[in-house]
>>> print(open('coords.txt').read())   # compact mmCIF, C-alpha atoms
# COMPACT_ATOMS: atom_id res chain seq x y z
CA MET A 8 22.09 162.45 -57.37
CA SER A 9 24.45 165.25 -56.29
CA ALA A 10 25.97 167.57 -58.87
CA GLU A 11 29.65 167.23 -59.67
CA PRO A 12 31.73 169.87 -57.80
CA GLU A 13 32.86 172.89 -59.77
CA PRO A 14 36.48 172.46 -60.95
CA LEU A 15 39.07 174.29 -58.88
CA PRO A 16 40.95 177.21 -60.47
CA TYR A 17 44.52 176.08 -61.17
CA PRO A 18 47.42 176.65 -60.54
CA PHE A 19 47.13 177.26 -56.82
CA THR A 20 49.05 180.18 -55.36
CA SER A 21 51.09 180.59 -52.19
CA ALA A 22 52.14 183.71 -50.31
CA GLU A 23 55.71 182.41 -50.16
CA PRO A 24 57.52 182.09 -53.51
CA LEU A 25 59.02 178.64 -52.94
CA GLU A 26 56.20 177.16 -50.88
CA LEU A 27 53.07 175.27 -51.89
CA SER A 28 49.49 176.25 -51.22
CA PRO A 29 47.99 174.63 -48.08
CA LEU A 30 45.22 173.40 -50.38
CA TYR A 31 47.48 170.55 -51.52
CA THR A 32 47.33 168.98 -48.05
CA GLU A 33 43.55 168.82 -48.29
CA LEU A 34 43.58 167.50 -51.84
CA ARG A 35 46.01 164.66 -51.09
CA ALA A 36 43.51 163.29 -48.56
CA GLY A 37 40.78 162.70 -51.14
CA PRO A 38 40.17 161.43 -54.66
CA LEU A 39 41.63 163.28 -57.63
CA PRO A 40 40.01 166.70 -58.00
CA LYS A 41 39.00 168.38 -61.24
CA VAL A 42 40.81 171.63 -62.05
CA ARG A 43 40.28 174.40 -64.59
CA LEU A 44 43.14 176.29 -66.21
CA PRO A 45 42.60 179.63 -68.00
CA TYR A 46 42.33 177.82 -71.35
CA GLY A 47 41.38 174.37 -72.53
CA GLU A 48 39.50 171.45 -71.08
CA ASP A 49 39.03 170.69 -67.40
CA ALA A 50 41.45 168.05 -66.13
CA TRP A 51 41.94 165.64 -63.27
CA LEU A 52 44.83 166.74 -61.02
CA VAL A 53 47.32 164.30 -59.47
CA THR A 54 48.98 165.50 -56.25
CA ARG A 55 50.08 162.25 -54.54
CA TYR A 56 53.44 160.59 -55.21
CA ALA A 57 52.10 157.09 -55.89
CA ASP A 58 49.41 158.39 -58.25
CA ALA A 59 52.01 160.49 -60.07
CA ARG A 60 54.29 157.51 -60.69
CA PHE A 61 51.32 155.49 -61.89
CA VAL A 62 50.06 158.07 -64.39
CA LEU A 63 53.55 158.94 -65.64
CA SER A 64 54.44 155.32 -66.36
CA ASP A 65 51.17 153.70 -67.47
CA PRO A 66 50.90 153.65 -71.30
CA ARG A 67 47.14 154.15 -71.06
CA PHE A 68 47.88 157.81 -70.29
CA SER A 69 49.07 159.40 -73.53
CA LEU A 70 50.84 162.67 -74.33
CA ALA A 71 50.33 162.14 -78.06
CA ALA A 72 46.57 161.94 -77.64
CA GLY A 73 46.52 165.59 -76.59
CA VAL A 74 47.98 166.99 -79.82
CA GLU A 75 44.56 167.36 -81.47
CA ARG A 76 42.70 168.26 -78.27
CA ASP A 77 41.93 171.54 -76.52
CA GLN A 78 44.62 170.93 -73.92
CA PRO A 79 44.38 172.55 -70.47
CA ARG A 80 46.95 175.36 -70.51
CA MET A 81 47.84 178.81 -69.20
CA ARG A 82 47.49 180.87 -72.39
CA ALA A 83 45.55 180.89 -75.63
CA LEU A 84 48.19 179.53 -78.00
CA ALA A 85 48.12 175.73 -77.96
CA PRO A 86 51.31 173.60 -78.06
CA GLY A 87 52.29 171.79 -81.26
CA GLY A 88 53.37 168.22 -81.93
CA ASP A 89 56.31 166.32 -83.43
CA GLY A 90 58.57 166.40 -80.36
CA LEU A 91 59.57 164.41 -77.31
CA LEU A 92 56.76 166.01 -75.29
CA SER A 93 53.98 165.06 -77.70
CA THR A 94 54.75 161.45 -78.61
CA ASP A 95 54.43 158.04 -76.93
CA GLY A 96 55.57 154.47 -77.39
CA PRO A 97 57.67 153.58 -80.43
CA GLU A 98 57.48 157.13 -81.84
CA HIS A 99 58.86 158.57 -78.62
CA LEU A 100 61.60 155.93 -78.43
CA ARG A 101 62.58 156.69 -82.01
CA LEU A 102 63.00 160.40 -81.29
CA ARG A 103 64.67 159.81 -77.93
CA GLY A 104 67.11 157.35 -79.47
CA VAL A 105 68.45 160.03 -81.80
CA VAL A 106 69.40 162.42 -78.98
CA ALA A 107 70.03 160.12 -76.00
CA ARG A 108 73.71 159.37 -76.66
CA HIS A 109 74.52 163.09 -76.41
CA PHE A 110 73.17 163.01 -72.83
CA SER A 111 74.78 159.73 -71.77
CA ALA A 112 76.52 159.48 -68.41
CA ARG A 113 79.91 159.29 -70.12
CA ARG A 114 79.28 162.32 -72.33
CA ILE A 115 77.94 164.47 -69.49
CA ASP A 116 80.74 163.47 -67.10
CA GLN A 117 83.22 164.64 -69.72
CA MET A 118 81.62 168.10 -69.52
CA ARG A 119 82.41 168.56 -65.82
CA VAL A 120 85.74 170.29 -66.42
CA GLN A 121 84.16 172.52 -69.06
CA VAL A 122 81.30 173.54 -66.74
CA ARG A 123 83.82 174.32 -63.99
CA GLU A 124 85.91 176.44 -66.37
CA VAL A 125 82.87 178.45 -67.47
CA ALA A 126 81.78 178.95 -63.85
CA GLU A 127 85.29 180.04 -62.84
CA GLY A 128 85.44 182.52 -65.72
CA LEU A 129 82.10 184.06 -64.79
CA LEU A 130 83.14 184.42 -61.15
CA ASP A 131 86.47 185.95 -62.25
CA ARG A 132 84.52 188.67 -64.06
CA LEU A 133 82.19 189.18 -61.11
CA GLN A 134 85.09 189.60 -58.72
CA GLU A 135 86.97 191.89 -61.09
CA SER A 136 83.97 194.20 -61.43
CA GLY A 137 83.43 194.15 -57.66
CA PRO A 138 80.28 193.79 -55.56
CA PRO A 139 77.39 193.88 -55.69
CA GLY A 140 76.84 191.27 -58.37
CA ASP A 141 73.73 189.56 -59.68
CA LEU A 142 73.75 185.76 -59.53
CA VAL A 143 70.91 185.58 -62.07
CA GLN A 144 72.22 187.75 -64.91
CA ASP A 145 75.95 187.44 -64.21
CA TYR A 146 76.18 183.75 -63.28
CA ALA A 147 73.16 181.46 -63.71
CA PHE A 148 72.08 182.77 -67.11
CA PRO A 149 75.44 182.74 -68.93
CA LEU A 150 76.47 179.43 -67.34
CA SER A 151 73.32 177.48 -68.17
CA ILE A 152 72.93 178.79 -71.71
CA ALA A 153 76.62 178.29 -72.54
CA MET A 154 76.40 174.57 -71.76
CA ILE A 155 73.34 173.73 -73.84
CA CYS A 156 74.49 176.00 -76.69
CA ASP A 157 77.81 174.16 -76.83
CA LEU A 158 76.13 170.76 -76.78
CA LEU A 159 73.64 171.68 -79.50
CA GLY A 160 75.97 173.78 -81.61
CA VAL A 161 74.08 177.06 -81.10
CA PRO A 162 76.19 180.27 -81.17
CA VAL A 163 76.47 181.43 -77.57
CA GLU A 164 76.70 185.04 -78.78
CA ASP A 165 72.98 184.75 -79.58
CA ARG A 166 72.16 184.05 -75.93
CA HIS A 167 70.37 187.34 -75.26
CA ARG A 168 68.09 186.88 -78.29
CA ILE A 169 67.27 183.36 -77.11
CA ARG A 170 66.47 184.53 -73.60
CA LYS A 171 64.19 187.30 -74.94
CA TRP A 172 62.24 184.82 -77.05
CA LEU A 173 61.88 182.34 -74.20
CA GLU A 174 60.82 184.92 -71.64
CA VAL A 175 57.84 185.67 -73.86
CA MET A 176 57.18 182.03 -74.75
CA LEU A 177 57.20 180.90 -71.12
CA ALA A 178 55.10 183.75 -69.75
CA HIS A 179 51.61 183.09 -68.45
CA VAL A 180 50.31 186.56 -69.25
CA VAL A 181 51.29 187.60 -72.76
CA ASN A 182 49.64 189.12 -75.78
CA THR A 183 48.71 186.35 -78.21
CA GLU A 184 50.09 188.26 -81.19
CA GLU A 185 53.39 188.88 -79.39
CA LEU A 186 53.58 185.22 -78.39
CA ALA A 187 52.99 184.09 -81.96
CA SER A 188 55.57 186.59 -83.25
CA GLU A 189 58.30 185.69 -80.76
CA SER A 190 57.77 181.93 -81.00
CA GLY A 191 57.79 182.25 -84.79
CA ALA A 192 61.10 184.12 -84.64
CA TYR A 193 62.53 181.44 -82.34
CA PHE A 194 61.49 178.61 -84.67
CA ALA A 195 62.84 180.54 -87.68
CA TYR A 196 66.16 181.07 -85.91
CA LEU A 197 66.59 177.38 -85.18
CA THR A 198 65.43 176.46 -88.68
CA ASP A 199 68.21 178.66 -90.06
CA LEU A 200 70.72 176.90 -87.79
CA VAL A 201 69.51 173.52 -89.01
CA GLU A 202 70.09 174.68 -92.58
CA LEU A 203 73.57 175.90 -91.62
CA ARG A 204 74.40 172.46 -90.19
CA ARG A 205 73.28 170.86 -93.44
CA ARG A 206 75.88 172.97 -95.26
CA GLU A 207 78.53 172.87 -92.54
CA PRO A 208 78.14 169.71 -90.41
CA SER A 209 79.96 169.38 -87.11
CA ASP A 210 80.00 166.95 -84.17
CA ASP A 211 77.26 168.78 -82.25
CA LEU A 212 73.71 167.66 -81.57
CA LEU A 213 72.14 169.81 -84.27
CA SER A 214 74.36 168.09 -86.84
CA CYS A 215 73.29 164.74 -85.39
CA LEU A 216 69.64 165.68 -85.92
CA VAL A 217 70.35 166.75 -89.49
CA ARG A 218 72.12 163.46 -90.22
CA ALA A 219 69.17 161.57 -88.79
CA HIS A 220 66.90 163.46 -91.19
CA ASP A 221 69.16 162.73 -94.15
CA GLU A 222 69.12 159.04 -93.20
CA GLY A 223 65.32 159.02 -93.08
CA ARG A 224 65.05 158.65 -89.29
CA LEU A 225 63.53 162.10 -88.65
CA SER A 226 61.23 164.36 -90.59
CA TYR A 227 62.31 167.95 -91.12
CA GLU A 228 59.57 169.15 -88.75
CA GLU A 229 60.83 166.75 -86.08
CA VAL A 230 64.38 168.09 -86.44
CA VAL A 231 63.26 171.66 -85.79
CA LYS A 232 60.85 170.74 -82.96
CA LEU A 233 63.54 168.66 -81.23
CA ALA A 234 65.99 171.55 -81.52
CA VAL A 235 63.41 173.87 -79.95
CA GLU A 236 62.62 171.46 -77.09
CA LEU A 237 66.26 170.67 -76.33
CA LEU A 238 67.45 174.27 -76.33
CA THR A 239 64.48 175.43 -74.27
CA GLY A 240 64.50 172.58 -71.76
CA GLY A 241 68.28 172.53 -71.52
CA PHE A 242 68.44 176.16 -70.53
CA VAL A 243 65.44 177.44 -68.60
CA THR A 244 65.46 174.89 -65.77
CA THR A 245 69.02 175.45 -64.57
CA TYR A 246 68.80 179.16 -65.34
CA ASN A 247 66.03 179.41 -62.73
CA GLN A 248 67.14 176.69 -60.32
CA ILE A 249 70.68 177.96 -59.69
CA PRO A 250 69.35 181.24 -58.19
CA ASN A 251 66.52 179.40 -56.41
CA PHE A 252 69.04 177.11 -54.73
CA CYS A 253 71.37 180.00 -53.89
CA TYR A 254 68.47 181.86 -52.34
CA LEU A 255 67.57 178.89 -50.14
CA LEU A 256 71.18 178.50 -48.98
CA LEU A 257 71.71 182.22 -48.39
CA ARG A 258 68.77 182.10 -45.97
CA ARG A 259 70.56 179.28 -44.11
CA PRO A 260 74.14 180.45 -43.43
CA GLU A 261 74.83 177.32 -41.40
CA TRP A 262 74.23 175.21 -44.50
CA LEU A 263 76.42 177.44 -46.61
CA SER A 264 79.23 176.85 -44.13
CA ARG A 265 78.60 173.12 -43.94
CA LEU A 266 78.58 172.62 -47.71
CA ARG A 267 81.67 174.79 -48.08
CA GLU A 268 83.50 172.63 -45.53
CA HIS A 269 82.11 169.36 -46.94
CA PRO A 270 81.73 169.80 -50.72
CA SER A 271 81.11 166.06 -51.11
CA ASP A 272 77.67 166.75 -49.58
CA ILE A 273 76.67 169.07 -52.45
CA PRO A 274 75.16 166.36 -54.73
CA ALA A 275 72.83 165.18 -51.94
CA ALA A 276 71.89 168.80 -51.16
CA VAL A 277 71.10 169.40 -54.83
CA GLU A 278 68.79 166.37 -54.87
CA GLU A 279 66.94 167.62 -51.82
CA MET A 280 66.52 171.10 -53.27
CA LEU A 281 65.28 169.56 -56.53
CA ARG A 282 62.67 167.72 -54.48
CA TYR A 283 61.75 170.77 -52.41
CA VAL A 284 61.58 173.63 -54.91
CA PRO A 285 58.17 173.82 -56.65
CA MET A 286 59.66 174.60 -60.05
CA PRO A 287 56.75 174.32 -62.53
CA ASN A 288 54.19 177.07 -62.05
CA GLY A 289 51.08 175.71 -63.73
CA LEU A 290 53.17 174.23 -66.53
CA GLY A 291 51.76 170.83 -67.34
CA PHE A 292 51.83 168.36 -70.17
CA PRO A 293 48.42 166.72 -69.89
CA ARG A 294 48.11 163.01 -70.47
CA TYR A 295 44.88 161.72 -71.96
CA ALA A 296 43.38 158.40 -70.95
CA THR A 297 43.14 156.11 -73.96
CA GLU A 298 40.63 153.90 -72.11
CA ASP A 299 38.77 154.01 -68.82
CA VAL A 300 41.36 153.84 -66.02
CA GLU A 301 41.00 153.93 -62.25
CA ALA A 302 43.48 156.40 -60.77
CA GLY A 303 43.63 158.19 -57.45
CA GLY A 304 40.20 157.06 -56.32
CA VAL A 305 38.31 158.13 -59.46
CA LEU A 306 37.46 156.59 -62.80
CA VAL A 307 39.22 158.57 -65.51
CA ARG A 308 37.17 158.09 -68.65
CA ALA A 309 38.74 157.53 -72.05
CA GLY A 310 39.54 160.90 -73.59
CA GLU A 311 39.82 162.80 -70.30
CA PRO A 312 43.05 164.71 -69.51
CA VAL A 313 45.12 164.27 -66.36
CA LEU A 314 47.68 166.78 -65.07
CA VAL A 315 50.45 165.58 -62.76
CA ASP A 316 51.64 168.19 -60.26
CA LEU A 317 55.24 167.08 -59.74
CA SER A 318 55.90 169.64 -57.01
CA ALA A 319 52.95 168.42 -54.96
CA ALA A 320 54.03 164.79 -55.40
CA ASN A 321 57.51 165.69 -54.19
CA ARG A 322 56.00 167.08 -50.96
CA ASP A 323 53.80 164.04 -50.27
CA PRO A 324 54.07 163.27 -46.53
CA ALA A 325 53.09 159.65 -47.20
CA VAL A 326 56.51 159.24 -48.84
CA PHE A 327 58.81 161.94 -47.44
CA ARG A 328 59.31 162.59 -43.74
CA ASP A 329 58.87 166.27 -42.88
CA ALA A 330 57.94 166.69 -46.53
CA GLU A 331 57.37 170.45 -46.24
CA THR A 332 60.82 171.00 -44.71
CA LEU A 333 64.07 171.44 -46.60
CA VAL A 334 66.41 168.84 -45.09
CA LEU A 335 69.71 169.13 -46.94
CA ASP A 336 71.20 166.02 -45.33
CA ARG A 337 68.05 163.99 -45.98
CA VAL A 338 68.49 160.28 -46.60
CA PRO A 339 66.10 160.03 -49.57
CA GLU A 340 63.03 157.96 -48.83
CA ALA A 341 62.31 157.78 -52.58
CA PRO A 342 63.55 159.46 -55.74
CA HIS A 343 61.99 162.84 -56.42
CA LEU A 344 59.94 163.29 -59.57
CA ILE A 345 61.00 166.74 -60.76
CA PHE A 346 62.54 165.20 -63.91
CA GLY A 347 59.49 163.01 -64.43
CA HIS A 348 59.21 159.24 -64.37
CA GLY A 349 58.85 156.43 -66.87
CA ALA A 350 59.40 156.67 -70.63
CA HIS A 351 59.36 160.48 -70.62
CA PHE A 352 61.96 160.91 -67.87
CA CYS A 353 63.91 164.07 -68.76
CA VAL A 354 66.69 163.22 -71.23
CA GLY A 355 68.75 166.15 -69.91
CA ALA A 356 68.53 165.29 -66.20
CA ARG A 357 72.24 164.39 -65.95
CA LEU A 358 73.29 167.69 -67.49
CA ALA A 359 71.01 169.66 -65.16
CA ARG A 360 72.40 167.88 -62.11
CA LEU A 361 75.97 168.46 -63.26
CA GLU A 362 75.41 172.18 -63.82
CA LEU A 363 73.69 172.62 -60.46
CA GLU A 364 76.39 170.76 -58.54
CA VAL A 365 79.28 172.55 -60.23
CA ALA A 366 77.61 175.97 -60.11
CA LEU A 367 77.03 175.71 -56.35
CA GLY A 368 80.37 174.09 -55.58
CA THR A 369 82.36 176.69 -57.52
CA LEU A 370 80.41 179.57 -56.02
CA LEU A 371 80.89 178.35 -52.43
CA ASP A 372 84.57 177.73 -53.05
CA ARG A 373 85.26 181.13 -54.58
CA MET A 374 83.05 183.35 -52.43
CA PRO A 375 83.38 182.38 -48.74
CA ALA A 376 81.54 185.48 -47.48
CA LEU A 377 78.63 185.31 -49.94
CA LYS A 378 75.48 187.14 -48.77
CA MET A 379 72.41 188.83 -50.22
CA THR A 380 72.47 192.62 -50.38
CA VAL A 381 68.69 193.02 -50.24
CA SER A 382 65.95 191.73 -47.97
CA ASP A 383 63.53 188.97 -48.97
CA GLY A 384 60.82 191.58 -49.50
CA GLU A 385 62.90 193.40 -52.10
CA LEU A 386 63.39 190.35 -54.32
CA ARG A 387 61.33 190.16 -57.51
CA TRP A 388 59.91 186.74 -58.37
CA LYS A 389 58.66 185.58 -61.77
CA THR A 390 55.06 185.19 -60.67
CA GLU A 391 53.71 185.38 -64.22
CA ALA A 392 56.05 182.79 -65.72
CA MET A 393 55.70 179.04 -66.16
CA LEU A 394 58.86 178.35 -64.15
CA LYS A 395 59.46 179.82 -60.71
CA GLY A 396 62.57 181.91 -60.33
CA LEU A 397 64.08 185.30 -59.53
CA HIS A 398 64.52 188.25 -61.83
CA GLU A 399 67.75 189.06 -59.99
CA LEU A 400 69.65 187.97 -56.88
CA PRO A 401 72.00 190.77 -55.73
CA VAL A 402 74.93 189.53 -53.63
CA ASP A 403 78.12 190.68 -51.97
CA TRP A 404 81.12 188.49 -51.12
>>> encode(input="coords.txt", output="structure tokens")
Amino acid sequence: MSAEPEPLPYPFTSAEPLELSPLYTELRAGPLPKVRLPYGEDAWLVTRYADARFVLSDPRFSLAAGVERDQPRMRALAPGGDGLLSTDGPEHLRLRGVVARHFSARRIDQMRVQVREVAEGLLDRLQESGPPGDLVQDYAFPLSIAMICDLLGVPVEDRHRIRKWLEVMLAHVVNTEELASESGAYFAYLTDLVELRRREPSDDLLSCLVRAHDEGRLSYEEVVKLAVELLTGGFVTTYNQIPNFCYLLLRRPEWLSRLREHPSDIPAAVEEMLRYVPMPNGLGFPRYATEDVEAGGVLVRAGEPVLVDLSAANRDPAVFRDAETLVLDRVPEAPHLIFGHGAHFCVGARLARLELEVALGTLLDRMPALKMTVSDGELRWKTEAMLKGLHELPVDW
């Protein structure tokens, strides 16, 4: 009887910042491999689209089951529970039901004018100060954090403190004491805001969470954990993706021109870039099998964790033609999975799409001669962070 292969070190790296390792091509051709992260248990890794949809939607794979386990992860400090990302079934639906109406299609569509106004104001300041400008610090960061702060009821003037906390909390390589200190300060900050909303309620999402607690629908711990998850998730994705998308377009001037001339094509281009960009960088929420389940050509035993690599699934050639190529006018063969699938589909997906579409559309409209002022080799990428992105993106217009 042959010995089981040694688990592969994960995440896999690529020489190009927004490309995937060639190893994924090999892995998609066989049964699920075992991988080993720097901390926690070994896990099965899903890289194919069909397997990803199966694991993400089958209730036999549980997020909640990982709360008390040594979850596979990138750093020593383990995640906590009581939030959308650590519950299943009725508990998850209960929590999701409290926040979902604030992310409804109607509510998010009403924000379009507001997002455009914020984007216009930021570009006004960029143009007044003159080139070069930085699309990360001067545009993507203030735009993305302003929107989620307004929705939640978080003072936007605290944006730099929030970013500092999250840069530590989402780093792969960080001192454990510093991580505990910064995450503790972040939780304490949001706890103080929750208390403020108890004294001074408003029509924002934090006040909604407080009312749900007062009505017995949420525990106090759930209120704070939901506030943390919503502020974090509602900010860091678009903060990184706006510059990622701009970088891809700036390397393809013909597409910049085409989208500028045909702005109605921007939503489709955003969807293709969401599919193409490998956003998570080893960030996974492992699902634990609650019983023996066959998946991806292996038998996943009860109690074993499974990680779903969404970026790899979105580049699966069995589903997407020319899967490794960015095709901005692609007719989608299937929906991408960057926002997940099934019961845990990202509650803020509509807001993220809106911000990305408006941010790109406003930028292309206002800056017809937009170009990078540095070469690719001079750009600094967040290689030690859980989400791929740029530290800065210097541009002229």
>>> closest_residue(input="coords.txt", among="A:Ala376, A:Ala309, A:Ala126, A:Cys253", to="Ala72 of chain A", atoms="all atoms listed in the file")
A:Ala309
>>> atom_distance(input="coords.txt", atom1="atom CA of Arg123 of chain A", atom2="atom CA of His351 of chain A")
28.9 Å
>>> residues_around(input="coords.txt", residues="Leu238 of chain A", least_positions_apart="4", cutoff="8 Å", atoms="all atoms listed in the file", output="list in words")
Ile155, Cys156, Leu159, Ala234 and Phe242 of chain A
>>> residues_around(input="coords.txt", residues="segment 15-23 of chain A", least_positions_apart="4", cutoff="8 Å", atoms="only C-alpha atoms", output="list in words")
Leu27, Ser28, Pro29, Leu30, Pro40, Lys41, Val42, Arg43, Leu44, Pro45, Asn288 and Gly289 of chain A
>>> write_last_selection(input="coords.txt", atoms="C-alpha atoms", output="mmCIF file, in the frame of the given file")
data_model
loop_
_atom_site.group_PDB
_atom_site.id
_atom_site.type_symbol
_atom_site.label_atom_id
_atom_site.label_comp_id
_atom_site.auth_asym_id
_atom_site.auth_seq_id
_atom_site.Cartn_x
_atom_site.Cartn_y
_atom_site.Cartn_z
ATOM 1 C CA LEU A 27 53.070 175.270 -51.890
ATOM 2 C CA SER A 28 49.490 176.250 -51.220
ATOM 3 C CA PRO A 29 47.990 174.630 -48.080
ATOM 4 C CA LEU A 30 45.220 173.400 -50.380
ATOM 5 C CA PRO A 40 40.010 166.700 -58.000
ATOM 6 C CA LYS A 41 39.000 168.380 -61.240
ATOM 7 C CA VAL A 42 40.810 171.630 -62.050
ATOM 8 C CA ARG A 43 40.280 174.400 -64.590
ATOM 9 C CA LEU A 44 43.140 176.290 -66.210
ATOM 10 C CA PRO A 45 42.600 179.630 -68.000
ATOM 11 C CA ASN A 288 54.190 177.070 -62.050
ATOM 12 C CA GLY A 289 51.080 175.710 -63.730
#
>>> residues_around(input="coords.txt", residues="Asp383 of chain A", least_positions_apart="2", cutoff="12 Å", atoms="only C-alpha atoms", output="number ranges by chain")
A: 23-25, 254-255, 257-258, 379-381, 385-388, 397, 399-401
>>> residues_around(input="coords.txt", residues="Met374 of chain A", least_positions_apart="6", cutoff="9 Å", atoms="only C-alpha atoms", output="number ranges by chain")
A: 130, 403-404
>>> atom_distance(input="coords.txt", atom1="atom CA of Phe327 of chain A", atom2="atom CA of Gly396 of chain A")
24.1 Å
>>> residues_around(input="coords.txt", residues="segment 314-319 of chain A", least_positions_apart="5", cutoff="8 Å", atoms="all atoms listed in the file", output="number ranges by chain")
A: 27, 31, 50-56, 59, 62-63, 282-287, 291-294, 344-345, 347
>>> write_last_selection(input="coords.txt", atoms="C-alpha atoms", output="CSV table (one decimal), keeping the file's coordinate frame")
chain,number,residue,atom,x,y,z
A,27,LEU,CA,53.1,175.3,-51.9
A,31,TYR,CA,47.5,170.6,-51.5
A,50,ALA,CA,41.4,168.0,-66.1
A,51,TRP,CA,41.9,165.6,-63.3
A,52,LEU,CA,44.8,166.7,-61.0
A,53,VAL,CA,47.3,164.3,-59.5
A,54,THR,CA,49.0,165.5,-56.2
A,55,ARG,CA,50.1,162.2,-54.5
A,56,TYR,CA,53.4,160.6,-55.2
A,59,ALA,CA,52.0,160.5,-60.1
A,62,VAL,CA,50.1,158.1,-64.4
A,63,LEU,CA,53.6,158.9,-65.6
A,282,ARG,CA,62.7,167.7,-54.5
A,283,TYR,CA,61.8,170.8,-52.4
A,284,VAL,CA,61.6,173.6,-54.9
A,285,PRO,CA,58.2,173.8,-56.6
A,286,MET,CA,59.7,174.6,-60.0
A,287,PRO,CA,56.8,174.3,-62.5
A,291,GLY,CA,51.8,170.8,-67.3
A,292,PHE,CA,51.8,168.4,-70.2
A,293,PRO,CA,48.4,166.7,-69.9
A,294,ARG,CA,48.1,163.0,-70.5
A,344,LEU,CA,59.9,163.3,-59.6
A,345,ILE,CA,61.0,166.7,-60.8
A,347,GLY,CA,59.5,163.0,-64.4
>>> closest_residue(input="coords.txt", among="A:Leu225, A:Leu133, A:Leu39, A:Val181", to="Asp89 of chain A", atoms="all atoms listed in the file")
A:Leu225
>>> closest_residue(input="coords.txt", among="A:Met154, A:Val74, A:Leu197, A:Leu281", to="Glu228 of chain A", atoms="only C-alpha atoms")
A:Leu197
>>> closest_residue(input="coords.txt", among="A:Gln117, A:Arg373, A:Leu263, A:Val277", to="Leu129 of chain A", atoms="all atoms listed in the file")
A:Arg373
>>> axis_aligned_box(input="coords.txt", around="segment 314-333 of chain A", padding_each_side="5 Å", output="AutoDock Vina command-line options")
--center_x 55.9 --center_y 165.3 --center_z -54.0 --size_x 26.4 --size_y 22.2 --size_z 32.2
>>> closest_residue(input="coords.txt", among="A:Tyr227, A:Trp172, A:Phe252, A:Trp262", to="Tyr196 of chain A", atoms="all atoms listed in the file")
A:Trp172
>>> atom_distance(input="coords.txt", atom1="atom CA of Ala187 of chain A", atom2="atom CA of Leu173 of chain A")
11.9 Å
>>> closest_residue(input="coords.txt", among="A:Gln134, A:Pro162, A:Tyr46, A:Arg103", to="Leu91 of chain A", atoms="all atoms listed in the file")
A:Arg103
